[in-house]
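Peer 1: Here you go, protein-v7.txt (compact mmCIF, C-alpha atoms and all ligand atoms):
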# COMPACT_ATOMS: atom_id res chain seq x y z
CA MET A 1 134.56 -177.24 61.36
CA ALA A 2 135.99 -180.64 62.26
CA VAL A 3 135.35 -183.52 59.89
CA LEU A 4 133.05 -185.95 61.64
CA HIS A 5 132.74 -188.57 58.92
CA ASN A 6 135.14 -190.43 56.72
CA ARG A 7 135.47 -189.04 53.17
CA VAL A 8 138.05 -191.39 51.69
CA SER A 9 137.29 -194.27 49.30
CA GLN A 10 137.16 -197.87 50.57
CA LYS A 11 139.98 -198.96 48.30
CA GLU A 12 142.27 -196.20 49.50
CA LEU A 13 141.38 -196.97 53.13
CA LYS A 14 142.16 -200.67 52.76
CA GLU A 15 145.46 -199.88 51.12
CA ARG A 16 146.35 -197.56 53.98
CA LEU A 17 145.44 -200.25 56.51
CA TYR A 18 147.77 -202.77 54.86
CA GLN A 19 150.59 -200.24 54.77
CA GLU A 20 150.44 -199.58 58.50
CA THR A 21 153.44 -200.69 60.49
CA ASP A 22 152.06 -200.29 64.00
CA PRO A 23 150.04 -203.48 64.67
CA ARG A 24 146.43 -203.08 65.76
CA THR A 25 144.58 -204.59 68.67
CA THR A 26 140.91 -205.43 68.21
CA ILE A 27 138.72 -204.79 71.23
CA SER A 28 135.05 -204.75 72.08
CA PHE A 29 133.03 -203.30 74.91
CA TYR A 30 129.51 -202.18 75.67
CA GLN A 31 127.87 -200.28 78.46
CA TYR A 32 124.27 -199.48 79.26
CA PHE A 33 124.04 -195.96 80.67
CA PRO A 34 121.78 -193.00 79.97
CA ILE A 35 123.03 -190.76 77.18
CA ALA A 36 120.94 -187.59 77.08
CA ASP A 37 121.98 -186.52 73.60
CA PRO A 38 123.38 -189.43 71.56
CA LYS A 39 124.18 -187.14 68.61
CA ILE A 40 126.45 -184.86 70.65
CA PHE A 41 128.00 -187.86 72.40
CA ARG A 42 128.62 -189.45 69.03
CA ASP A 43 130.33 -186.40 67.53
CA GLU A 44 132.64 -185.93 70.52
CA LEU A 45 133.51 -189.61 70.48
CA TYR A 46 134.21 -189.52 66.76
CA GLN A 47 136.62 -186.62 67.12
CA ALA A 48 138.48 -188.18 70.03
CA LEU A 49 138.80 -191.64 68.48
CA ASN A 50 139.64 -190.32 65.04
CA GLU A 51 142.54 -188.37 66.53
CA ILE A 52 144.14 -191.56 67.85
CA ASN A 53 143.49 -193.45 64.62
CA VAL A 54 140.84 -195.85 65.92
CA PHE A 55 138.81 -197.84 63.39
CA GLY A 56 135.65 -199.79 64.06
CA ARG A 57 131.90 -199.96 64.29
CA ILE A 58 130.23 -198.24 67.20
CA TYR A 59 126.57 -197.78 68.04
CA VAL A 60 125.35 -195.05 70.36
CA ALA A 61 121.79 -194.76 71.70
CA HIS A 62 119.95 -193.20 74.61
CA GLU A 63 120.50 -196.50 76.43
CA GLY A 64 124.28 -196.73 75.98
CA ILE A 65 127.13 -197.73 73.70
CA ASN A 66 128.21 -200.90 71.88
CA ALA A 67 131.64 -200.86 70.28
CA GLN A 68 133.92 -203.08 68.26
CA LEU A 69 137.10 -201.37 67.25
CA SER A 70 140.76 -201.64 66.47
CA VAL A 71 143.47 -199.36 67.78
CA PRO A 72 147.18 -199.09 66.92
CA GLN A 73 148.99 -200.72 69.83
CA SER A 74 150.96 -197.55 70.54
CA ASN A 75 147.67 -195.72 71.12
CA PHE A 76 146.03 -198.35 73.30
CA GLU A 77 146.76 -196.50 76.55
CA LYS A 78 145.47 -193.24 75.10
CA LEU A 79 142.25 -194.94 74.08
CA LYS A 80 141.84 -196.49 77.49
CA MET A 81 142.46 -193.18 79.24
CA TYR A 82 139.99 -191.41 77.00
CA LEU A 83 137.27 -194.00 77.59
CA TYR A 84 137.92 -194.00 81.34
CA SER A 85 137.59 -190.22 81.36
CA ILE A 86 133.91 -190.72 80.50
CA GLU A 87 132.35 -191.30 83.91
CA ALA A 88 130.07 -194.17 82.93
CA LEU A 89 132.93 -195.96 81.16
CA ASN A 90 135.51 -195.54 83.90
CA GLY A 91 137.09 -198.94 84.53
CA ILE A 92 135.09 -200.69 81.81
CA ARG A 93 136.30 -204.14 80.76
CA LEU A 94 137.82 -203.99 77.30
CA ASN A 95 137.59 -207.42 75.68
CA ILE A 96 140.66 -208.04 73.60
CA ALA A 97 140.12 -210.33 70.62
CA VAL A 98 142.46 -213.30 70.44
CA ASP A 99 143.41 -214.92 67.12
CA ASP A 100 142.94 -211.64 65.38
CA ASP A 101 145.10 -209.92 62.78
CA GLY A 102 143.79 -206.43 63.62
CA LYS A 103 142.60 -205.99 60.03
CA SER A 104 138.86 -206.32 60.67
CA PHE A 105 138.19 -202.57 60.32
CA TRP A 106 139.64 -199.94 58.02
CA VAL A 107 137.41 -197.01 58.84
CA LEU A 108 135.69 -195.53 61.89
CA LYS A 109 131.91 -195.61 61.80
CA ILE A 110 129.85 -194.36 64.70
CA LYS A 111 126.10 -194.51 64.29
CA VAL A 112 123.29 -193.18 66.41
CA ARG A 113 120.59 -195.78 66.81
CA GLU A 114 117.29 -196.12 68.57
CA LYS A 115 118.73 -198.92 70.75
CA ILE A 116 122.13 -200.61 71.01
CA VAL A 117 120.30 -203.95 71.06
CA ALA A 118 116.96 -204.00 69.22
CA ASP A 119 114.42 -205.25 71.74
CA GLY A 120 110.96 -204.35 70.43
CA ILE A 121 110.01 -203.01 73.86
CA THR A 122 107.36 -200.30 73.50
CA ASP A 123 106.69 -199.78 77.22
CA GLN A 124 108.00 -196.28 77.93
CA SER A 125 108.51 -197.07 81.61
CA PHE A 126 111.10 -199.74 80.82
CA SER A 127 114.58 -198.61 81.75
CA MET A 128 118.05 -200.13 81.65
CA GLU A 129 118.86 -198.43 84.95
CA ARG A 130 117.57 -201.37 86.97
CA LYS A 131 119.43 -204.49 85.83
CA GLY A 132 120.05 -207.93 87.24
CA LYS A 133 123.08 -208.59 89.41
CA TYR A 134 126.30 -209.48 87.67
CA VAL A 135 127.71 -212.94 88.35
CA ASP A 136 131.21 -214.11 87.49
CA ALA A 137 132.20 -217.73 86.79
CA GLY A 138 132.76 -218.65 90.45
CA ARG A 139 129.45 -217.20 91.61
CA MET A 140 127.68 -218.75 88.63
CA ASN A 141 128.95 -222.21 89.58
CA GLU A 142 127.89 -221.63 93.18
CA LEU A 143 124.38 -220.60 92.20
CA LEU A 144 124.12 -223.63 89.91
CA GLN A 145 124.67 -225.99 92.84
CA ASP A 146 121.24 -224.98 94.05
CA LYS A 147 119.01 -227.17 91.90
CA SER A 148 116.17 -224.64 91.98
CA THR A 149 118.27 -222.03 90.13
CA ILE A 150 116.97 -221.48 86.61
CA VAL A 151 119.46 -220.76 83.83
CA VAL A 152 118.16 -219.11 80.69
CA ASP A 153 119.99 -219.07 77.37
CA MET A 154 119.23 -215.85 75.45
CA ARG A 155 120.95 -216.83 72.21
CA ASN A 156 119.66 -218.29 68.97
CA HIS A 157 118.87 -221.92 68.38
CA TYR A 158 121.96 -222.69 66.30
CA GLU A 159 124.12 -221.34 69.11
CA TYR A 160 122.31 -223.30 71.82
CA ASP A 161 122.47 -226.40 69.65
CA VAL A 162 126.24 -226.92 69.92
CA GLY A 163 126.86 -225.74 73.47
CA HIS A 164 125.03 -224.42 76.54
CA PHE A 165 125.03 -224.46 80.33
CA GLU A 166 123.87 -227.72 81.89
CA ASN A 167 120.07 -227.74 82.12
CA ALA A 168 119.82 -224.30 80.53
CA LEU A 169 116.41 -223.31 79.27
CA GLU A 170 116.22 -222.49 75.60
CA VAL A 171 113.89 -219.66 74.57
CA PRO A 172 112.86 -220.91 71.14
CA SER A 173 112.69 -217.93 68.86
CA ASP A 174 114.87 -216.53 66.10
CA THR A 175 114.88 -213.01 67.40
CA PHE A 176 115.80 -211.41 70.67
CA ARG A 177 112.73 -209.17 70.53
CA GLU A 178 110.48 -212.24 70.49
CA GLN A 179 112.52 -213.99 73.15
CA LEU A 180 111.98 -211.27 75.77
CA PRO A 181 108.19 -211.66 76.23
CA MET A 182 108.56 -215.41 75.66
CA ALA A 183 111.00 -215.74 78.58
CA VAL A 184 108.59 -213.83 80.83
CA GLU A 185 105.74 -216.15 79.80
CA MET A 186 107.81 -219.33 80.20
CA LEU A 187 108.91 -218.39 83.72
CA LYS A 188 105.82 -216.66 85.04
CA GLU A 189 105.36 -219.24 87.83
CA GLU A 190 108.97 -218.82 88.99
CA LYS A 191 109.08 -215.17 89.97
CA ASP A 192 110.79 -215.79 93.33
CA LYS A 193 113.46 -218.22 92.13
CA ASN A 194 117.03 -217.36 91.23
CA ILE A 195 117.15 -216.79 87.51
CA ILE A 196 120.43 -216.41 85.62
CA MET A 197 120.37 -215.10 82.07
CA TYR A 198 123.33 -215.54 79.76
CA CYS A 199 124.40 -214.93 76.17
CA THR A 200 127.63 -214.86 74.16
CA GLY A 201 129.14 -211.57 75.30
CA GLY A 202 126.69 -210.25 77.90
CA ILE A 203 124.94 -207.47 76.02
CA ARG A 204 121.69 -209.36 75.35
CA CYS A 205 121.37 -211.07 78.72
CA GLU A 206 122.00 -207.82 80.55
CA LYS A 207 119.00 -206.30 78.82
CA ALA A 208 116.99 -209.47 79.36
CA SER A 209 117.73 -209.30 83.09
CA ALA A 210 116.36 -205.74 83.23
CA TYR A 211 113.27 -206.86 81.34
CA MET A 212 112.63 -209.71 83.79
CA LEU A 213 112.92 -207.31 86.75
CA HIS A 214 110.59 -204.92 84.96
CA ASN A 215 108.10 -207.80 84.76
CA GLY A 216 108.10 -208.53 88.47
CA PHE A 217 110.84 -211.17 88.77
CA LYS A 218 112.78 -210.73 92.03
CA ASN A 219 116.14 -212.53 91.86
CA VAL A 220 117.58 -212.00 88.44
CA PHE A 221 121.26 -212.37 87.60
CA HIS A 222 123.20 -212.17 84.38
CA LEU A 223 126.54 -213.61 83.45
CA GLU A 224 129.06 -210.80 83.22
CA GLY A 225 130.83 -210.73 79.88
CA GLY A 226 128.83 -213.76 78.72
CA ILE A 227 130.15 -217.19 77.83
CA ILE A 228 133.35 -215.69 76.41
CA ASN A 229 134.31 -214.25 79.77
CA TYR A 230 133.06 -217.32 81.68
CA ALA A 231 135.27 -219.62 79.60
CA ARG A 232 138.28 -217.41 80.25
CA GLN A 233 137.66 -217.27 84.00
CA VAL A 234 137.08 -221.02 84.22
CA LYS A 235 140.42 -221.62 82.54
CA GLU A 236 142.33 -219.11 84.64
CA ALA A 237 140.89 -220.22 87.99
CA GLU A 238 140.78 -223.92 87.00
CA LEU A 239 137.10 -224.17 87.79
CA GLN A 240 134.84 -226.89 86.47
CA SER A 241 133.03 -225.69 83.35
CA LYS A 242 129.27 -225.90 83.70
CA PHE A 243 129.04 -224.82 80.11
CA ILE A 244 129.27 -227.90 77.93
CA GLY A 245 130.20 -228.20 74.27
CA LYS A 246 131.14 -225.34 72.00
CA ASN A 247 130.62 -221.62 72.17
CA PHE A 248 129.39 -220.53 68.77
CA VAL A 249 131.13 -217.39 67.49
CA PHE A 250 131.01 -215.67 64.13
CA ASP A 251 134.60 -216.00 63.10
CA ASP A 252 136.28 -218.46 60.77
CA ARG A 253 136.17 -221.20 63.37
CA LEU A 254 132.38 -220.87 63.86
CA GLY A 255 132.83 -221.88 67.47
CA GLU A 256 135.29 -222.30 70.28
CA ARG A 257 135.44 -225.63 72.08
CA ILE A 258 134.84 -225.26 75.82
CA THR A 259 134.50 -228.92 76.85
CA ASP A 260 134.97 -232.19 74.95
CA ASP A 261 131.26 -233.01 75.02
CA ILE A 262 129.63 -233.15 71.61
CA ILE A 263 125.99 -232.39 72.28
CA ALA A 264 124.67 -231.80 68.76
CA LYS A 265 124.02 -234.05 65.79
CA CYS A 266 124.89 -233.90 62.12
CA HIS A 267 121.86 -232.40 60.38
CA GLN A 268 122.29 -234.88 57.54
CA CYS A 269 122.99 -238.29 59.08
CA GLY A 270 122.23 -237.72 62.76
CA GLN A 271 125.54 -238.86 64.18
CA ALA A 272 127.24 -236.84 66.94
CA ALA A 273 128.78 -233.69 65.45
CA ASP A 274 129.03 -230.03 66.39
CA SER A 275 130.88 -228.33 63.55
CA HIS A 276 128.89 -225.66 61.79
CA THR A 277 129.56 -225.03 58.16
CA ASN A 278 128.12 -222.88 55.40
CA CYS A 279 126.78 -224.81 52.43
CA LYS A 280 129.41 -224.59 49.68
CA ASN A 281 126.80 -223.73 47.06
CA ASP A 282 127.14 -219.95 46.68
CA GLY A 283 123.43 -219.70 45.99
CA CYS A 284 122.63 -221.31 49.35
CA HIS A 285 125.22 -220.72 52.08
CA LEU A 286 122.93 -222.33 54.63
CA LEU A 287 124.55 -222.52 58.06
CA PHE A 288 124.20 -226.07 59.38
CA ILE A 289 125.94 -228.83 61.30
CA GLN A 290 127.76 -231.41 59.23
CA CYS A 291 129.93 -234.37 60.25
CA ALA A 292 133.20 -235.16 58.46
CA SER A 293 131.81 -238.10 56.49
CA CYS A 294 128.80 -236.12 55.26
CA ALA A 295 131.13 -233.24 54.37
CA ALA A 296 133.00 -235.67 52.12
CA LYS A 297 129.86 -237.33 50.75
CA TYR A 298 128.10 -234.03 49.88
CA ASP A 299 131.22 -231.95 49.05
CA GLY A 300 130.38 -229.66 51.98
CA CYS A 301 126.88 -229.00 50.66
CA CYS A 302 123.60 -229.17 52.58
CA SER A 303 121.80 -231.37 50.04
CA VAL A 304 122.22 -233.36 46.83
CA GLU A 305 120.57 -230.47 44.98
CA CYS A 306 123.15 -227.98 46.24
CA GLN A 307 125.93 -230.47 45.54
CA THR A 308 124.77 -230.73 41.93
CA VAL A 309 124.84 -226.95 41.55
CA TYR A 310 128.20 -226.73 43.31
CA ASN A 311 129.73 -229.13 40.80
CA MET A 312 128.47 -227.22 37.78
CA PRO A 313 130.75 -224.79 35.87
CA LEU A 314 130.99 -221.42 37.65
CA GLU A 315 129.23 -219.47 34.85
CA GLU A 316 126.24 -221.79 35.04
CA GLN A 317 126.10 -221.39 38.81
CA ALA A 318 126.18 -217.61 38.51
CA ALA A 319 123.38 -217.68 35.95
CA MET A 320 121.23 -219.75 38.32
CA ARG A 321 121.80 -217.35 41.21
CA LYS A 322 120.55 -214.26 39.37
CA GLY A 323 117.72 -212.64 41.25
CA LEU A 324 118.00 -214.92 44.27
CA ASP A 325 118.00 -213.57 47.79
CA LYS A 326 121.52 -213.61 49.19
CA GLY A 327 120.71 -213.02 52.85
CA MET A 328 122.57 -215.16 55.35
CA MET A 329 120.76 -218.39 56.01
CA VAL A 330 120.88 -220.35 59.19
CA PHE A 331 119.59 -223.75 60.07
CA ASN A 332 117.07 -223.23 62.81
CA LYS A 333 113.61 -224.27 63.79
CA SER A 334 111.59 -221.91 61.67
CA ARG A 335 113.72 -222.29 58.60
CA GLN A 336 113.61 -226.06 58.80
CA ARG A 337 110.26 -225.73 57.07
CA LEU A 338 111.95 -224.07 54.14
CA ARG A 339 114.46 -226.88 53.98
CA PRO A 340 112.49 -230.07 53.67
CA ARG A 341 115.29 -231.95 51.88
CA LEU A 342 117.75 -231.40 54.67
CA ASN A 343 115.09 -232.05 57.24
CA GLU A 344 114.14 -235.43 55.79
CA GLU A 345 117.71 -236.63 55.62
CA GLY A 346 118.43 -235.43 59.15
CA LYS A 347 115.69 -237.71 60.49
CA LYS A 348 117.13 -240.95 59.19
ZN ZN B 1 126.67 -236.70 58.89
ZN ZN B 2 122.75 -225.71 50.32
What is this structure when it is put down as structure tokens?

Peer 2:
Amino acid sequence: MAVLHNRVSQKELKERLYQETDPRTTISFYQYFPIADPKIFRDELYQALNEINVFGRIYVAHEGINAQLSVPQSNFEKLKMYLYSIEALNGIRLNIAVDDDGKSFWVLKIKVREKIVADGITDQSFSMERKGKYVDAGRMNELLQDKSTIVVDMRNHYEYDVGHFENALEVPSDTFREQLPMAVEMLKEEKDKNIIMYCTGGIRCEKASAYMLHNGFKNVFHLEGGIINYARQVKEAELQSKFIGKNFVFDDRLGERITDDIIAKCHQCGQAADSHTNCKNDGCHLLFIQCASCAAKYDGCCSVECQTVYNMPLEEQAAMRKGLDKGMMVFNKSRQRLRPRLNEEGKK
């Protein structure tokens, strides 16, 4: 029987990755389409991708596939041909990561999940087969000229904070599953208007568009490939960017500048700033916006308390961290309550 899971140790795998001579390309793609048996689909996919030495993280569900992977450049065409041989993936846009060393993955993991994007929808009659219409950058700009068009941002607060489409509506919740019913409630009087949903890469807003249609909205669109693709098209076609500020992304840069506008404020002193940073205190790591002068004043920390810890000897810091929750922290509306120190200073 074929081996359908990796059996080699992490250390060994990483060593192998760094010994490779054929450079890797990192790509991502997703597609909503009905998969009758995700387990069978998963096993076939694993065998095919494993054969051409693909690494990555892929989720498969009844509703479709979401994939981030890396492929040796010499196998790129083979991968593409294999994916295109699957009817629902024929011609799919493969997003190639820029500024990437191809070392993000060292093993292939394909998991069967309930959903490719957790949505909390319990209504059995909901289906991803009826989705909003795709819009590209040109069409998006056209639709935005009509002042009655409503643009809805389906990302998190910290993403919206540093960059968004002009006049975009924020749906103020931390989780996508809460945002869905909230968007329906917020727009319930606007069921006949043009509504455009968008997110970073398209996967969330595509589902949101289907959910709006499911709830009786008539003219729902979603931005194909999200802000990432919009920014690329705007550049290529020399269009005016209706997205202002920065597009937040989870890489080392924590955001890609789209226009020169700085629409956010330093969470500590309130002056214009839109650079996210993680608090330097290893026991905190809060994600927040900090200007250059506050970064210097607080040594890159979110508060005087964290700065004090940060400047203690490493052993003392480690002792203090014992037993603390190390989950990723972000500065957003609900967590502001947990962060009164930062909150107070931000109001000055
Ligand atoms: Zn500041
Ligand atoms: Zn901190």

Peer 1: Wanna dump the chain A-ligand ZN 2 (chain B) contacts at 6 Å for me, each residue with its shortest atom pair and the distance in Å to one decimal, counting all atoms listed in the file, ordered by chain and number, as JSON lines?

Peer 2:
{"residue": "A:Cys279", "atom": "CA", "partner": "B:ZN2", "partner_atom": "ZN", "distance": 4.6}
{"residue": "A:Asn281", "atom": "CA", "partner": "B:ZN2", "partner_atom": "ZN", "distance": 5.6}
{"residue": "A:Cys284", "atom": "CA", "partner": "B:ZN2", "partner_atom": "ZN", "distance": 4.5}
{"residue": "A:His285", "atom": "CA", "partner": "B:ZN2", "partner_atom": "ZN", "distance": 5.8}
{"residue": "A:Leu286", "atom": "CA", "partner": "B:ZN2", "partner_atom": "ZN", "distance": 5.5}
{"residue": "A:Cys301", "atom": "CA", "partner": "B:ZN2", "partner_atom": "ZN", "distance": 5.3}
{"residue": "A:Cys302", "atom": "CA", "partner": "B:ZN2", "partner_atom": "ZN", "distance": 4.2}
{"residue": "A:Ser303", "atom": "CA", "partner": "B:ZN2", "partner_atom": "ZN", "distance": 5.7}
{"residue": "A:Cys306", "atom": "CA", "partner": "B:ZN2", "partner_atom": "ZN", "distance": 4.7}

Peer 1: For the point (108.8, -214.4, 89.2) in file coordinates, what residues are within 6 Å, counting all atoms listed in the file? Give the answer as a VMD selection string?

Peer 2: chain A and resid 188 190 to 192 216 to 217

Peer 1: Please tabulate, as CSV, the residues of chain A that come within 7 Å of ligand ZN 1 (chain B), each with its closest pair of atoms and the distance in Å to one decimal, counting only C-alpha atoms and all ligand atoms and ordering rows by chain, then residue number upward.

Peer 2:
residue,atom,partner,partner_atom,distance
A:Cys266,CA,B:ZN1,ZN,4.6
A:His267,CA,B:ZN1,ZN,6.6
A:Gln268,CA,B:ZN1,ZN,4.9
A:Cys269,CA,B:ZN1,ZN,4.0
A:Gly270,CA,B:ZN1,ZN,6.0
A:Gln271,CA,B:ZN1,ZN,5.8
A:Gln290,CA,B:ZN1,ZN,5.4
A:Cys291,CA,B:ZN1,ZN,4.2
A:Ala292,CA,B:ZN1,ZN,6.7
A:Ser293,CA,B:ZN1,ZN,5.8
A:Cys294,CA,B:ZN1,ZN,4.2

Peer 1: Hey, what's within 12 Å of Lys280 in chain A if we count all atoms listed in the file and toss same-chain stuff fewer than 6 positions away? As a PyMOL selection string, please?

Peer 2: chain A and resi 286-288+290+295-296+298-311+317

Peer 1: When you count only C-alpha atoms, which of these residues is closest to Asn6 in chain A: A:Leu49, A:Val107, A:Val234, A:Ile92?

Peer 2: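 Among the listed residues, A:Val107 lies closest to Asn6 in chain A.
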
Peer 1: Name the closest residue to Glu51 in chain A among the candidates A:Phe221, A:Tyr82, A:Phe250, A:Trp106; distances are taken between atoms, counting all atoms listed in the file.

Peer 2: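 Closest candidate: A:Tyr82.
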